[in-house]
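Asker: Following this message is one structure expressed as structure tokens.
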Amino acid sequence: MAERIETEVLIAGGGMVGLTLATALAEAGVAVVAVDRLDPAAMREDAFDGRASAIARGSQQALAVTGLWRDMAATASPILDIRISDGAPFGGATAVARRGGASALHLHFSHSDVASQAGVASQAGVASQAGVGRKAGAGSGGREAPPLGHIVENTAIRRACLARAAELDRLDLRAPAELGRVDRGPNGVTARLGDGTEVAARLLVAADGRGSAQRRAAGIRITEVGYSQTGIVATVAHERPHHGVAHEHFLPAGPFALLPMNDAEDETGRSVHRSSLVWTERRDLAPAMLALDRARFAAEMQRRFGDSLGRLSLWSARTWSYPLSLLHAERMIDQRLALVGDAAHGIHPVAGQGLNLGLRDVAALAESIVDARRLGLDIGSPQVLERYQRWRRFDTLALIAATDSLNRLFSNDLPPVRLLRDLGLAAVNRMPPLKRFFMRHAMGLVGELPRLLKGEAL
């Protein structure tokens, strides 16, 4: 006879967002079954995904509380500063070319600036316990000033999620496995896996990516806008240390970013400085760039970035590329169904907030479920799901609008627009209160925060 499993939450998708939600719920005592069609062994391989993700401070606190940060911390590189500059067109003035193709007007965020704000001491304490505190610079009063965020390779995040999942008795990860027929009714969810196993749950969560089968089955419409851009991703080696600085140059084709990663040893045992490359290129030009040999590819990187980090070269054995687009689901819930992560929204990587947006979904949905369960309520009821959707609606729409506007504003080289945005960067750079406001937004510390994002257990 086929196996039958009674659980509370069934999660379609065992990626970074799906397993983080599964971990958070299981840690709080909620029974969870997570199903993914991919083999976990493949997800642990470096070749599976060449991207690295920016983990905002709020997201890091949530990962620490759920025990996931423990296995990521050693590979996480702190972001101590962010330098944003408006790139110049190639062949521009010699003085501009000497600055690495960037405008003299720029925006600089520093983690030590946030340390002077009220309330940072308690946040620093949480981060210090997680092993991520750094001494602030002048003006911080000597307090521990946690980083603005961290850069973590996606492979390291997946490995940490899979390791934590194996430790939790309330979490049953079925992978590789196919999620077949799913029936959602007023009283619950029943699903059948490819091997005949039947799963009965109170709630189904779709964490199955942009092409979500569960979203389509629910008839939830999406708005999708293509950017005619391709994201090119690789790991880059450079001669000079990055000192924890994340660089983002805005070029006519789109943003070109080098994000700080930990040093690593090459085959000779020599320590090499590394950064993660996120290069936005016109979709019609990207194939030609990807076809270049390593030396010519490195030359194109150098041409766009300049020489502030010395000579650039490819560290990773290959590059990856992804079409860039905006995606927004018209709603995040349906009968006995909640969407999280890329199943609900997809944004441009211009601000490095894609995974953080999904982790904020996780924190809000987990808290809604756990609070309802403790009150003896039905965790899949319309009231519980409406709370989740209300909680996430404004933040999601605001970030979609912000990233879309930034990409459109900076991905051109019209002289009047360029002058206005350069002056805007310089103006914000000279206004410390406004800079701190933007930094706290980027760190995920603004708004009605779920407990996990504040570093508190569910």
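Naming works like this for the structure tokens: A, B, ... for the chains as they're shown, residue 1 at the start of each chain, ligands 1 onward in shown order.
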Give me, as a PyMOL selection string, all polymer residues having an atom no more than 8 Å from range 250-260 of chain A, counting only C-alpha atoms and skipping those fewer than 2 positions away in the same chain.
Answerer: chain A and resi 77-79+84-89+151+229+242-248+262+274-282+304-305+350+407+410-413
Asker: Give me the range 211-291 of chain A side of the contact with range 399-402 of chain A, cut-off 12 Å, one line per residue showing its nearest atom pair and distance in Å at one decimal, counting only C-alpha atoms, sorted by chain and residue number, as a Markdown table.
Answerer:
| residue | atom | partner | partner_atom | distance |
| --- | --- | --- | --- | --- |
| A:Thr223 | CA | A:Ile400 | CA | 11.4 |
| A:Glu224 | CA | A:Ile400 | CA | 11.4 |
| A:Val225 | CA | A:Ile400 | CA | 11.3 |
Asker: Go ahead and dump the residues you just picked, C-alpha atoms, as an mmCIF file, in the first residue's frame.
Answerer:
data_model
loop_
_atom_site.group_PDB
_atom_site.id
_atom_site.type_symbol
_atom_site.label_atom_id
_atom_site.label_comp_id
_atom_site.auth_asym_id
_atom_site.auth_seq_id
_atom_site.Cartn_x
_atom_site.Cartn_y
_atom_site.Cartn_z
ATOM 1 C CA THR A 223 2.602 40.725 -14.472
ATOM 2 C CA GLU A 224 5.919 40.034 -16.177
ATOM 3 C CA VAL A 225 8.135 42.621 -17.873
#
Asker: Which residue is closest to Leu425 in chain A? Choose from A:Val233, A:Leu309, A:Leu107, A:Ala62 and count only C-alpha atoms.
Answerer: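 Closest candidate: A:Leu107.
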Asker: So that I can see what lies close to Gln389 in chain A, please list as a PyMOL selection string the residues with an atom at most 9 Å from it, counting only C-alpha atoms and leaving out residues fewer than 2 positions away in the same chain.
Answerer: chain A and resi 331-333+338+364-365+384-387+391-393
Asker: Nearest to Arg83 in chain A: which of A:Glu265, A:His106, A:Glu8, A:Pro323 is it, counting only C-alpha atoms?
Answerer: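 Residue with the minimum atom-to-atom distance to Arg83 in chain A: A:His106.
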Asker: Considering only C-alpha atoms, return as a ChimeraX atom specification whatever protein or nucleic-acid residues lie within 12 Å of Pro382 in chain A, sequence-local ones (same chain, fewer than 4 positions apart) excluded.
Answerer: /A:186-188,202-203,332-338,368-369,372,377-378,386-390
Asker: Near Met431 in chain A, within 12 Å and counting only C-alpha atoms, which residues show up once chain neighbours fewer than 4 positions away are dropped, as a list in words?
Answerer: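 So, after excluding close chain neighbours, the residues are Leu107, His108, Phe109, Asp113, Gly424, Leu425, Ala426, Ala427, Lys435, Arg436, Phe437 and Phe438 of chain A.
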Asker: Might you pull out every residue within 8 Å of Gly455 in chain A, with only C-alpha atoms counted and same-chain residues fewer than 4 positions away left off, and present them as a PDB file with N, CA, C and O atoms, in the first residue's frame?
Answerer:
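Heads up, here's the output in result.pdb:
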ATOM      1  N   GLY A  58      18.846  42.157   8.469  1.00  0.00           N
ATOM      2  CA  GLY A  58      17.629  41.552   8.997  1.00  0.00           C
ATOM      3  C   GLY A  58      17.514  40.092   8.610  1.00  0.00           C
ATOM      4  O   GLY A  58      17.150  39.234   9.427  1.00  0.00           O
ATOM      5  N   GLN A  61      19.875  37.958  10.664  1.00  0.00           N
ATOM      6  CA  GLN A  61      19.363  37.701  12.019  1.00  0.00           C
ATOM      7  C   GLN A  61      18.340  36.574  11.997  1.00  0.00           C
ATOM      8  O   GLN A  61      18.316  35.729  12.909  1.00  0.00           O
ATOM      9  N   ALA A  62      17.494  36.529  10.961  1.00  0.00           N
ATOM     10  CA  ALA A  62      16.522  35.438  10.849  1.00  0.00           C
ATOM     11  C   ALA A  62      17.227  34.100  10.643  1.00  0.00           C
ATOM     12  O   ALA A  62      16.859  33.085  11.242  1.00  0.00           O
ATOM     13  N   ALA A  64      20.211  33.347  11.623  1.00  0.00           N
ATOM     14  CA  ALA A  64      20.892  32.977  12.870  1.00  0.00           C
ATOM     15  C   ALA A  64      19.920  32.332  13.850  1.00  0.00           C
ATOM     16  O   ALA A  64      20.238  31.322  14.485  1.00  0.00           O
ATOM     17  N   VAL A  65      18.730  32.895  13.984  1.00  0.00           N
ATOM     18  CA  VAL A  65      17.744  32.376  14.935  1.00  0.00           C
ATOM     19  C   VAL A  65      17.324  30.955  14.568  1.00  0.00           C
ATOM     20  O   VAL A  65      17.120  30.104  15.444  1.00  0.00           O
ATOM     21  N   VAL A 126      22.891  41.118  18.881  1.00  0.00           N
ATOM     22  CA  VAL A 126      22.425  39.940  18.156  1.00  0.00           C
ATOM     23  C   VAL A 126      23.467  39.492  17.146  1.00  0.00           C
ATOM     24  O   VAL A 126      23.810  38.322  17.047  1.00  0.00           O
ATOM     25  N   ARG A 451       9.220  38.829  13.880  1.00  0.00           N
ATOM     26  CA  ARG A 451      10.162  38.548  14.962  1.00  0.00           C
ATOM     27  C   ARG A 451      11.490  38.013  14.452  1.00  0.00           C
ATOM     28  O   ARG A 451      12.560  38.369  14.958  1.00  0.00           O
TER      29      ARG A 451
END
Asker: List as an NGL selection string the protein and nucleic acid residues near range 68-75 of chain A, meaning an atom at most 8 Å away when only C-alpha atoms are counted, but skip any in the same chain fewer than 3 places from it.
Answerer: :A and (20 or 60 or 63-65 or 130-132 or 152-153 or 156-157 or 159-161 or 164 or 262)
Asker: Just give me the gap between CA of Ala288 in chain A and CA of Gly306 in chain A in Å, one decimal is fine.
Answerer: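 Value for the CA of Ala288 in chain A-CA of Gly306 in chain A distance: 20.9 Å.
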